[in-house]
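Colleague: Input structure: model34.txt, which contains compact mmCIF, C-alpha atoms.
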# COMPACT_ATOMS: atom_id res chain seq x y z
CA MET A 15 115.24 -45.67 66.76
CA GLN A 16 113.36 -43.56 69.26
CA THR A 17 114.96 -40.20 70.13
CA PRO A 18 116.94 -40.64 73.38
CA VAL A 19 115.57 -38.73 76.36
CA ILE A 20 117.98 -37.31 78.93
CA LEU A 21 117.07 -35.89 82.32
CA ILE A 22 119.61 -33.43 83.73
CA VAL A 23 119.46 -32.89 87.51
CA GLU A 24 121.59 -29.83 88.25
CA ASP A 25 120.82 -26.82 90.45
CA GLU A 26 123.50 -24.53 89.00
CA ASP A 27 121.76 -22.63 86.21
CA VAL A 28 124.71 -22.00 83.89
CA THR A 29 125.91 -25.61 84.02
CA ARG A 30 122.40 -26.98 83.51
CA LEU A 31 121.69 -24.73 80.52
CA ASN A 32 125.05 -25.60 78.96
CA LEU A 33 124.24 -29.30 79.31
CA VAL A 34 120.81 -28.79 77.78
CA SER A 35 122.34 -27.01 74.78
CA LEU A 36 125.04 -29.67 74.44
CA PHE A 37 122.67 -32.63 74.30
CA GLU A 38 119.99 -30.91 72.25
CA ALA A 39 122.68 -30.23 69.66
CA GLU A 40 123.37 -34.00 69.70
CA GLY A 41 119.74 -34.67 68.80
CA HIS A 42 118.50 -35.72 72.23
CA LYS A 43 115.32 -34.65 73.94
CA VAL A 44 116.40 -32.99 77.20
CA ILE A 45 114.41 -32.52 80.42
CA GLU A 46 115.62 -30.37 83.32
CA ALA A 47 115.33 -30.72 87.10
CA ILE A 48 116.92 -28.68 89.89
CA ASP A 49 116.52 -31.02 92.88
CA GLY A 50 115.20 -34.40 94.00
CA ASP A 51 111.51 -33.51 94.15
CA ASP A 52 111.72 -31.97 90.71
CA MET A 53 113.54 -35.07 89.43
CA HIS A 54 110.82 -37.45 90.65
CA GLU A 55 108.09 -35.25 89.17
CA LYS A 56 109.81 -35.21 85.78
CA LEU A 57 110.38 -38.98 85.85
CA THR A 58 106.72 -39.58 86.68
CA ALA A 59 105.63 -37.35 83.80
CA ASN A 60 108.18 -38.81 81.36
CA ASP A 61 108.40 -42.59 81.50
CA ASP A 62 110.65 -42.72 78.41
CA VAL A 63 113.76 -41.23 80.05
CA ASN A 64 116.85 -43.20 78.96
CA CYS A 65 119.58 -41.52 80.99
CA VAL A 66 119.83 -39.31 84.08
CA ILE A 67 122.84 -37.00 84.45
CA MET A 68 122.96 -35.86 88.06
CA ASP A 69 125.15 -33.71 90.28
CA ILE A 70 125.90 -34.94 93.79
CA ASN A 71 125.82 -31.51 95.44
CA LEU A 72 122.12 -30.69 95.23
CA PRO A 73 119.84 -28.74 97.56
CA GLY A 74 117.87 -30.91 99.97
CA ARG A 75 118.64 -34.60 99.37
CA ASN A 76 122.02 -34.99 97.72
CA GLY A 77 122.68 -36.99 94.58
CA LEU A 78 123.81 -40.12 96.42
CA ILE A 79 120.49 -40.31 98.27
CA LEU A 80 118.58 -39.58 95.08
CA ALA A 81 120.47 -42.33 93.25
CA ARG A 82 119.24 -44.87 95.82
CA GLU A 83 115.69 -43.64 95.37
CA LEU A 84 116.06 -43.76 91.60
CA ARG A 85 117.36 -47.34 91.60
CA GLN A 86 114.38 -48.48 93.70
CA LYS A 87 111.84 -47.05 91.28
CA LYS A 88 113.15 -46.95 87.72
CA ASN A 89 115.40 -48.80 85.30
CA VAL A 90 117.40 -45.99 83.71
CA GLY A 91 121.03 -45.16 82.95
CA LEU A 92 122.68 -42.94 85.56
CA ILE A 93 125.80 -40.78 85.28
CA PHE A 94 127.09 -38.64 88.11
CA LEU A 95 128.51 -35.33 86.86
CA THR A 96 130.05 -33.64 89.86
CA GLY A 97 132.90 -31.58 91.23
CA ARG A 98 133.54 -34.19 93.94
CA ASP A 99 136.55 -36.06 92.61
CA ASN A 100 137.73 -38.08 95.63
CA ASP A 101 137.85 -41.87 95.49
CA VAL A 102 135.38 -42.32 98.37
CA ASP A 103 132.57 -40.49 96.52
CA ARG A 104 133.43 -42.17 93.23
CA ILE A 105 133.35 -45.69 94.72
CA LEU A 106 130.21 -44.95 96.75
CA GLY A 107 128.47 -43.62 93.66
CA LEU A 108 129.30 -46.77 91.72
CA GLU A 109 128.27 -49.01 94.61
CA ILE A 110 124.90 -47.28 94.76
CA GLY A 111 124.40 -48.20 91.12
CA ALA A 112 125.66 -45.34 88.94
CA ASP A 113 126.74 -46.49 85.49
CA ASP A 114 129.47 -43.86 85.22
CA TYR A 115 131.10 -41.04 87.21
CA VAL A 116 132.42 -37.88 85.52
CA THR A 117 134.12 -35.03 87.36
CA LYS A 118 133.92 -31.30 86.65
CA PRO A 119 135.40 -29.57 84.75
CA PHE A 120 134.55 -32.04 81.99
CA ASN A 121 135.22 -32.39 78.30
CA PRO A 122 131.86 -31.92 76.52
CA ARG A 123 132.79 -34.27 73.70
CA GLU A 124 133.83 -36.99 76.14
CA LEU A 125 130.58 -36.63 78.08
CA THR A 126 128.41 -36.92 74.98
CA ILE A 127 130.31 -40.07 73.95
CA ARG A 128 129.86 -41.61 77.39
CA VAL A 129 126.14 -40.88 77.35
CA ARG A 130 125.75 -42.25 73.83
CA ASN A 131 127.64 -45.42 74.74
CA LEU A 132 125.58 -45.89 77.90
CA ILE A 133 122.30 -45.54 76.02
CA SER A 134 123.30 -47.71 73.06
CA ARG A 135 125.26 -50.47 74.80
CA THR A 136 123.57 -51.05 78.13
CA GLY A 137 120.02 -51.52 76.92
CA SER A 138 118.69 -48.16 78.07
CA THR A 139 116.25 -47.72 75.20
CA PRO A 140 112.90 -49.53 74.94
CA GLU A 141 114.01 -51.36 71.79
CA GLU A 142 117.25 -52.56 73.35
CA SER A 143 115.78 -53.55 76.69
CA ALA A 144 114.45 -56.81 75.23
CA ILE A 145 117.68 -57.95 73.55
CA ASP A 146 118.63 -60.30 76.37
CA SER A 147 115.12 -61.62 77.04
CA ASN A 148 115.96 -65.27 76.30
CA GLY A 149 114.88 -67.01 79.51
CA VAL A 150 116.20 -67.95 82.93
CA ILE A 151 119.70 -69.16 83.78
CA THR A 152 119.95 -71.41 86.84
CA PHE A 153 123.25 -71.88 88.64
CA ASN A 154 124.04 -73.31 92.07
CA GLY A 155 120.37 -72.98 93.01
CA TRP A 156 120.25 -69.31 91.95
CA GLU A 157 118.23 -67.96 89.02
CA LEU A 158 118.99 -65.01 86.76
CA ASP A 159 116.05 -63.79 84.68
CA GLU A 160 117.38 -62.27 81.47
CA ASN A 161 114.21 -60.29 80.86
CA SER A 162 113.79 -58.56 84.21
CA ARG A 163 117.45 -58.76 85.37
CA CYS A 164 116.14 -60.27 88.62
CA LEU A 165 118.48 -62.51 90.63
CA THR A 166 116.60 -65.03 92.77
CA SER A 167 118.27 -66.86 95.66
CA PRO A 168 117.78 -70.56 96.51
CA THR A 169 115.38 -69.41 99.25
CA GLY A 170 113.22 -67.49 96.77
CA GLU A 171 114.38 -63.96 97.62
CA SER A 172 114.49 -61.86 94.48
CA LYS A 173 116.47 -58.70 93.71
CA ARG A 174 116.76 -56.69 90.50
CA LEU A 175 120.36 -56.09 89.47
CA PRO A 176 121.66 -52.76 88.15
CA LYS A 177 122.69 -52.97 84.51
CA GLY A 178 126.42 -53.04 85.26
CA GLU A 179 126.09 -55.96 87.68
CA TYR A 180 123.76 -57.83 85.33
CA ARG A 181 126.00 -57.45 82.30
CA ALA A 182 129.14 -58.52 84.19
CA LEU A 183 127.44 -61.57 85.71
CA ARG A 184 125.72 -62.48 82.44
CA LEU A 185 129.02 -62.37 80.56
CA MET A 186 130.67 -64.75 83.02
CA LEU A 187 127.67 -67.09 83.04
CA ASP A 188 127.96 -67.36 79.25
CA SER A 189 131.47 -68.83 79.63
CA PRO A 190 131.87 -70.51 83.03
CA GLY A 191 135.51 -71.10 83.91
CA ARG A 192 136.79 -68.53 81.42
CA ILE A 193 138.96 -65.74 82.83
CA PHE A 194 137.71 -62.26 81.91
CA SER A 195 140.12 -59.35 82.25
CA ARG A 196 139.07 -56.03 83.74
CA GLU A 197 139.39 -54.53 80.26
CA GLN A 198 136.93 -57.07 78.82
CA LEU A 199 134.48 -56.66 81.68
CA ILE A 200 134.34 -52.86 81.65
CA LYS A 201 133.99 -52.83 77.86
CA HIS A 202 131.00 -55.18 78.14
CA MET A 203 129.52 -53.30 81.12
CA THR A 204 129.87 -49.71 79.94
CA GLY A 205 131.18 -49.69 76.38
CA ARG A 206 134.27 -47.72 77.34
CA GLU A 207 137.94 -48.51 77.83
CA LEU A 208 139.54 -49.16 81.21
CA ARG A 209 141.19 -46.02 82.62
CA ALA A 210 144.16 -45.76 84.97
CA ASN A 211 143.18 -46.37 88.61
CA ASP A 212 139.64 -47.26 87.52
CA ARG A 213 138.01 -49.52 90.13
CA THR A 214 134.61 -49.81 88.47
CA VAL A 215 135.04 -53.53 87.71
CA ASP A 216 136.33 -54.40 91.19
CA VAL A 217 133.46 -52.51 92.83
CA THR A 218 130.92 -54.22 90.58
CA ILE A 219 132.31 -57.70 91.29
CA ARG A 220 132.26 -56.98 95.02
CA ARG A 221 128.61 -55.95 94.79
CA ILE A 222 127.74 -59.13 92.87
CA ARG A 223 129.48 -61.29 95.45
CA LYS A 224 127.49 -59.66 98.26
CA HIS A 225 124.29 -61.10 96.78
CA PHE A 226 125.66 -64.63 97.08
CA GLU A 227 127.21 -64.17 100.52
CA THR A 228 123.75 -63.87 102.06
CA ASP A 229 123.50 -67.66 101.77
CA ASN A 230 126.22 -69.29 103.90
CA ASN A 231 125.71 -72.64 102.15
CA THR A 232 126.61 -71.20 98.75
CA PRO A 233 130.28 -71.51 97.80
CA GLU A 234 132.16 -68.61 96.27
CA LEU A 235 130.95 -68.36 92.69
CA ILE A 236 133.30 -65.73 91.28
CA SER A 237 137.02 -66.30 91.65
CA THR A 238 139.72 -63.63 91.51
CA ILE A 239 142.63 -64.60 89.28
CA HIS A 240 145.38 -62.28 90.50
CA GLY A 241 146.99 -60.28 87.73
CA GLU A 242 144.44 -61.52 85.17
CA GLY A 243 140.83 -60.84 86.16
CA TYR A 244 137.77 -62.81 87.28
CA ARG A 245 135.97 -66.01 86.37
CA PHE A 246 132.75 -67.81 87.27
CA ILE A 247 133.50 -71.13 88.99
CA GLY A 248 129.96 -72.26 89.81
CA LYS A 249 127.82 -74.77 87.94
CA ILE A 250 125.28 -73.82 85.31
CA ASP A 251 122.30 -76.07 86.01
CA ASN A 252 120.21 -75.28 82.96
CA THR A 253 119.28 -72.58 80.48
CA GLN A 254 115.67 -72.26 79.48
CA PRO A 255 115.05 -70.79 76.02
Can you turn what I pasted into structure tokens?
Modeller:
Amino acid sequence: MQTPVILIVEDEDVTRLNLVSLFEAEGHKVIEAIDGDDMHEKLTANDDVNCVIMDINLPGRNGLILARELRQKKNVGLIFLTGRDNDVDRILGLEIGADDYVTKPFNPRELTIRVRNLISRTGSTPEESAIDSNGVITFNGWELDENSRCLTSPTGESKRLPKGEYRALRLMLDSPGRIFSREQLIKHMTGRELRANDRTVDVTIRRIRKHFETDNNTPELISTIHGEGYRFIGKIDNTQP
């Protein structure tokens, strides 16, 4: 397997150098950036980056703004590593499309495990990115392309889903009508266990539903089963191999 490449976007020198040492010791290739402009330059020069670890408090454009820019340009894993530990920032970061959110001070071993799981289980390496390339799933007039992760509406409007949204929706499309617990969904989405007060699954489901709500003629496709989880209640029209 190709050596994973990690881009660390952190303006605080000691923290950045510690992260570089940590992940180089794990066998990763590590690239450094200190702000948004530097991040974009490094991404342009290195198209094999698998994961970006980014602080929110950065000079110039903050990490939340940079995450939006990143999601518009590149398919790459994203973890926020920040001292901002309030629920508003955490939920906003996940809504923007971050795959995980870790607060400082952090446990180095835990962070390396999260990064390894993100790279290995969410298709962030070139070899893994083609695993789900089996065709197009059509449901209620919508189409989900398993190769590009593009969701296309009945009116032809197409949007590429972040990996977390894609994996949650894809799992439910595989078994329409089946109830998936939050524990099952987050394990499939991120490879980690559900933590206390973790709203990652709820935020992801809300983001998926927003795609469908743009069409007033489309019924609710994902149902909340209180106390149990979520299930897809639409109709799978066809699956093309």
Colleague: Under the rule that only C-alpha atoms are counted, which of A:Asp69, A:Glu227, A:Ser35, A:Leu57 is the nearest residue to A:Val23?
Modeller: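 Ranking A:Asp69, A:Glu227, A:Ser35, A:Leu57 by distance to A:Val23, first place goes to A:Asp69.
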Colleague: Counting only C-alpha atoms, which of A:Lys118, A:Lys87, A:His54, A:His240 gets nearest to A:Thr29?
Modeller: A:Lys118
Colleague: Hey, which of A:Thr214, A:Asn154, A:Thr169, A:Gln16 ends up closest to A:Phe246? Count only C-alpha atoms.
Modeller: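 Residue with the minimum atom-to-atom distance to A:Phe246: A:Asn154.
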Colleague: Taking all atoms listed in the file into account, which of A:Ile48, A:Asp101, A:Gly107, A:Val129 comes nearest A:Cys65?
Modeller: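 For A:Cys65, the nearest of the given residues is A:Val129.
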Colleague: Hey, which of A:Arg130, A:Arg123, A:Arg82, A:Arg181 ends up closest to A:Ile110? Count all atoms listed in the file.
Modeller: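 Using all atoms listed in the file, A:Ile110 sits closest to A:Arg82.
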Colleague: Find the residues near A:Ile219: any atom within 10 Å, counting all atoms listed in the file, skip ones fewer than 4 places away on the same chain, and give them as a PyMOL selection string.
Modeller: chain A and resi 178-179+182-183+199+214-215+223-224+236-238+244
Colleague: Work out how far atom CA of A:Pro190 is from atom CA of A:Asp114, in Å to one decimal.
Modeller: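 Going from atom CA of A:Asp114 over to atom CA of A:Pro190 covers 26.8 Å.
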Colleague: How big is the axis-aligned box around the listed atoms of stretch 42-58 of chain A once 8 Å is added on each side, and where is its centre? Give both in Å to one decimal, as AutoDock Vina command-line options.
Modeller:
--center_x 112.6 --center_y -34.1 --center_z 83.2 --size_x 27.8 --size_y 26.9 --size_z 37.9
Colleague: At a cut-off of 7 Å, using only C-alpha atoms, what residues contact stretch 95-100 of chain A? Leave out same-chain residues fewer than 6 positions from it and give the result as a PyMOL selection string.
Modeller: chain A and resi 67-70+115-118
Colleague: Name the residues, using the chain letters and numbers of the file, that sit within 9 Å of (143.0, -60.1, 83.7) when counting only C-alpha atoms, and give them as a list in words.
Modeller: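 Residues with an atom at most 9 Å from (143.0, -60.1, 83.7): Ile193, Phe194, Ser195, Arg196, Glu197, Gln198, Ile239, His240, Gly241, Glu242, Gly243 and Tyr244 of chain A.
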Colleague: Let me make sure I understand: among A:Arg220, A:Arg174, A:Arg245, A:Arg209, which one has the smallest atom-to-atom distance to A:Glu109 if we use all atoms listed in the file?
Modeller: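 Closest candidate: A:Arg220.
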Colleague: Missing atoms in stretch 76-100 of chain A should be modelled up to N, CA and C atoms and reported as a PDB file, keeping the file's coordinate frame.
Modeller:
ATOM      1  N   ASN A  76     120.930 -35.031  98.681  1.00  0.00           N
ATOM      2  CA  ASN A  76     122.020 -34.990  97.720  1.00  0.00           C
ATOM      3  C   ASN A  76     121.889 -36.103  96.669  1.00  0.00           C
ATOM      4  N   GLY A  77     122.788 -36.069  95.686  1.00  0.00           N
ATOM      5  CA  GLY A  77     122.680 -36.990  94.580  1.00  0.00           C
ATOM      6  C   GLY A  77     122.842 -38.449  94.966  1.00  0.00           C
ATOM      7  N   LEU A  78     123.625 -38.741  95.998  1.00  0.00           N
ATOM      8  CA  LEU A  78     123.810 -40.120  96.420  1.00  0.00           C
ATOM      9  C   LEU A  78     122.504 -40.697  96.981  1.00  0.00           C
ATOM     10  N   ILE A  79     121.795 -39.883  97.755  1.00  0.00           N
ATOM     11  CA  ILE A  79     120.490 -40.310  98.270  1.00  0.00           C
ATOM     12  C   ILE A  79     119.495 -40.481  97.136  1.00  0.00           C
ATOM     13  N   LEU A  80     119.510 -39.523  96.203  1.00  0.00           N
ATOM     14  CA  LEU A  80     118.580 -39.580  95.080  1.00  0.00           C
ATOM     15  C   LEU A  80     118.857 -40.790  94.186  1.00  0.00           C
ATOM     16  N   ALA A  81     120.131 -41.157  94.067  1.00  0.00           N
ATOM     17  CA  ALA A  81     120.470 -42.330  93.250  1.00  0.00           C
ATOM     18  C   ALA A  81     119.858 -43.594  93.845  1.00  0.00           C
ATOM     19  N   ARG A  82     119.882 -43.715  95.173  1.00  0.00           N
ATOM     20  CA  ARG A  82     119.240 -44.870  95.820  1.00  0.00           C
ATOM     21  C   ARG A  82     117.748 -44.885  95.529  1.00  0.00           C
ATOM     22  N   GLU A  83     117.119 -43.723  95.650  1.00  0.00           N
ATOM     23  CA  GLU A  83     115.690 -43.640  95.370  1.00  0.00           C
ATOM     24  C   GLU A  83     115.395 -43.991  93.918  1.00  0.00           C
ATOM     25  N   LEU A  84     116.249 -43.510  93.022  1.00  0.00           N
ATOM     26  CA  LEU A  84     116.060 -43.760  91.600  1.00  0.00           C
ATOM     27  C   LEU A  84     116.157 -45.249  91.294  1.00  0.00           C
ATOM     28  N   ARG A  85     117.151 -45.917  91.868  1.00  0.00           N
ATOM     29  CA  ARG A  85     117.360 -47.340  91.600  1.00  0.00           C
ATOM     30  C   ARG A  85     116.214 -48.196  92.120  1.00  0.00           C
ATOM     31  N   GLN A  86     115.512 -47.727  93.146  1.00  0.00           N
ATOM     32  CA  GLN A  86     114.380 -48.480  93.700  1.00  0.00           C
ATOM     33  C   GLN A  86     113.135 -48.368  92.824  1.00  0.00           C
ATOM     34  N   LYS A  87     113.080 -47.328  91.994  1.00  0.00           N
ATOM     35  CA  LYS A  87     111.840 -47.050  91.280  1.00  0.00           C
ATOM     36  C   LYS A  87     111.931 -47.236  89.769  1.00  0.00           C
ATOM     37  N   LYS A  88     113.116 -47.036  89.191  1.00  0.00           N
ATOM     38  CA  LYS A  88     113.150 -46.950  87.720  1.00  0.00           C
ATOM     39  C   LYS A  88     114.423 -47.566  87.170  1.00  0.00           C
ATOM     40  N   ASN A  89     114.275 -48.235  86.034  1.00  0.00           N
ATOM     41  CA  ASN A  89     115.400 -48.800  85.300  1.00  0.00           C
ATOM     42  C   ASN A  89     115.852 -47.771  84.273  1.00  0.00           C
ATOM     43  N   VAL A  90     116.934 -47.062  84.582  1.00  0.00           N
ATOM     44  CA  VAL A  90     117.400 -45.990  83.710  1.00  0.00           C
ATOM     45  C   VAL A  90     118.899 -45.826  83.893  1.00  0.00           C
ATOM     46  N   GLY A  91     119.598 -45.422  82.839  1.00  0.00           N
ATOM     47  CA  GLY A  91     121.030 -45.160  82.950  1.00  0.00           C
ATOM     48  C   GLY A  91     121.277 -43.966  83.864  1.00  0.00           C
ATOM     49  N   LEU A  92     122.381 -44.009  84.611  1.00  0.00           N
ATOM     50  CA  LEU A  92     122.680 -42.940  85.560  1.00  0.00           C
ATOM     51  C   LEU A  92     124.159 -42.581  85.494  1.00  0.00           C
ATOM     52  N   ILE A  93     124.432 -41.305  85.265  1.00  0.00           N
ATOM     53  CA  ILE A  93     125.800 -40.780  85.280  1.00  0.00           C
ATOM     54  C   ILE A  93     125.873 -39.650  86.287  1.00  0.00           C
ATOM     55  N   PHE A  94     126.815 -39.752  87.221  1.00  0.00           N
ATOM     56  CA  PHE A  94     127.090 -38.640  88.110  1.00  0.00           C
ATOM     57  C   PHE A  94     128.023 -37.665  87.401  1.00  0.00           C
ATOM     58  N   LEU A  95     127.661 -36.392  87.391  1.00  0.00           N
ATOM     59  CA  LEU A  95     128.510 -35.330  86.860  1.00  0.00           C
ATOM     60  C   LEU A  95     128.705 -34.334  87.993  1.00  0.00           C
ATOM     61  N   THR A  96     129.879 -34.344  88.600  1.00  0.00           N
ATOM     62  CA  THR A  96     130.050 -33.640  89.860  1.00  0.00           C
ATOM     63  C   THR A  96     131.463 -33.105  90.034  1.00  0.00           C
ATOM     64  N   GLY A  97     131.592 -32.116  90.899  1.00  0.00           N
ATOM     65  CA  GLY A  97     132.900 -31.580  91.230  1.00  0.00           C
ATOM     66  C   GLY A  97     133.605 -32.383  92.308  1.00  0.00           C
ATOM     67  N   ARG A  98     132.935 -33.368  92.879  1.00  0.00           N
ATOM     68  CA  ARG A  98     133.540 -34.190  93.940  1.00  0.00           C
ATOM     69  C   ARG A  98     134.348 -35.305  93.295  1.00  0.00           C
ATOM     70  N   ASP A  99     135.676 -35.160  93.358  1.00  0.00           N
ATOM     71  CA  ASP A  99     136.550 -36.060  92.610  1.00  0.00           C
ATOM     72  C   ASP A  99     137.358 -37.002  93.493  1.00  0.00           C
ATOM     73  N   ASN A 100     136.971 -37.159  94.769  1.00  0.00           N
ATOM     74  CA  ASN A 100     137.730 -38.080  95.630  1.00  0.00           C
ATOM     75  C   ASN A 100     137.252 -39.510  95.411  1.00  0.00           C
TER      76      ASN A 100
END
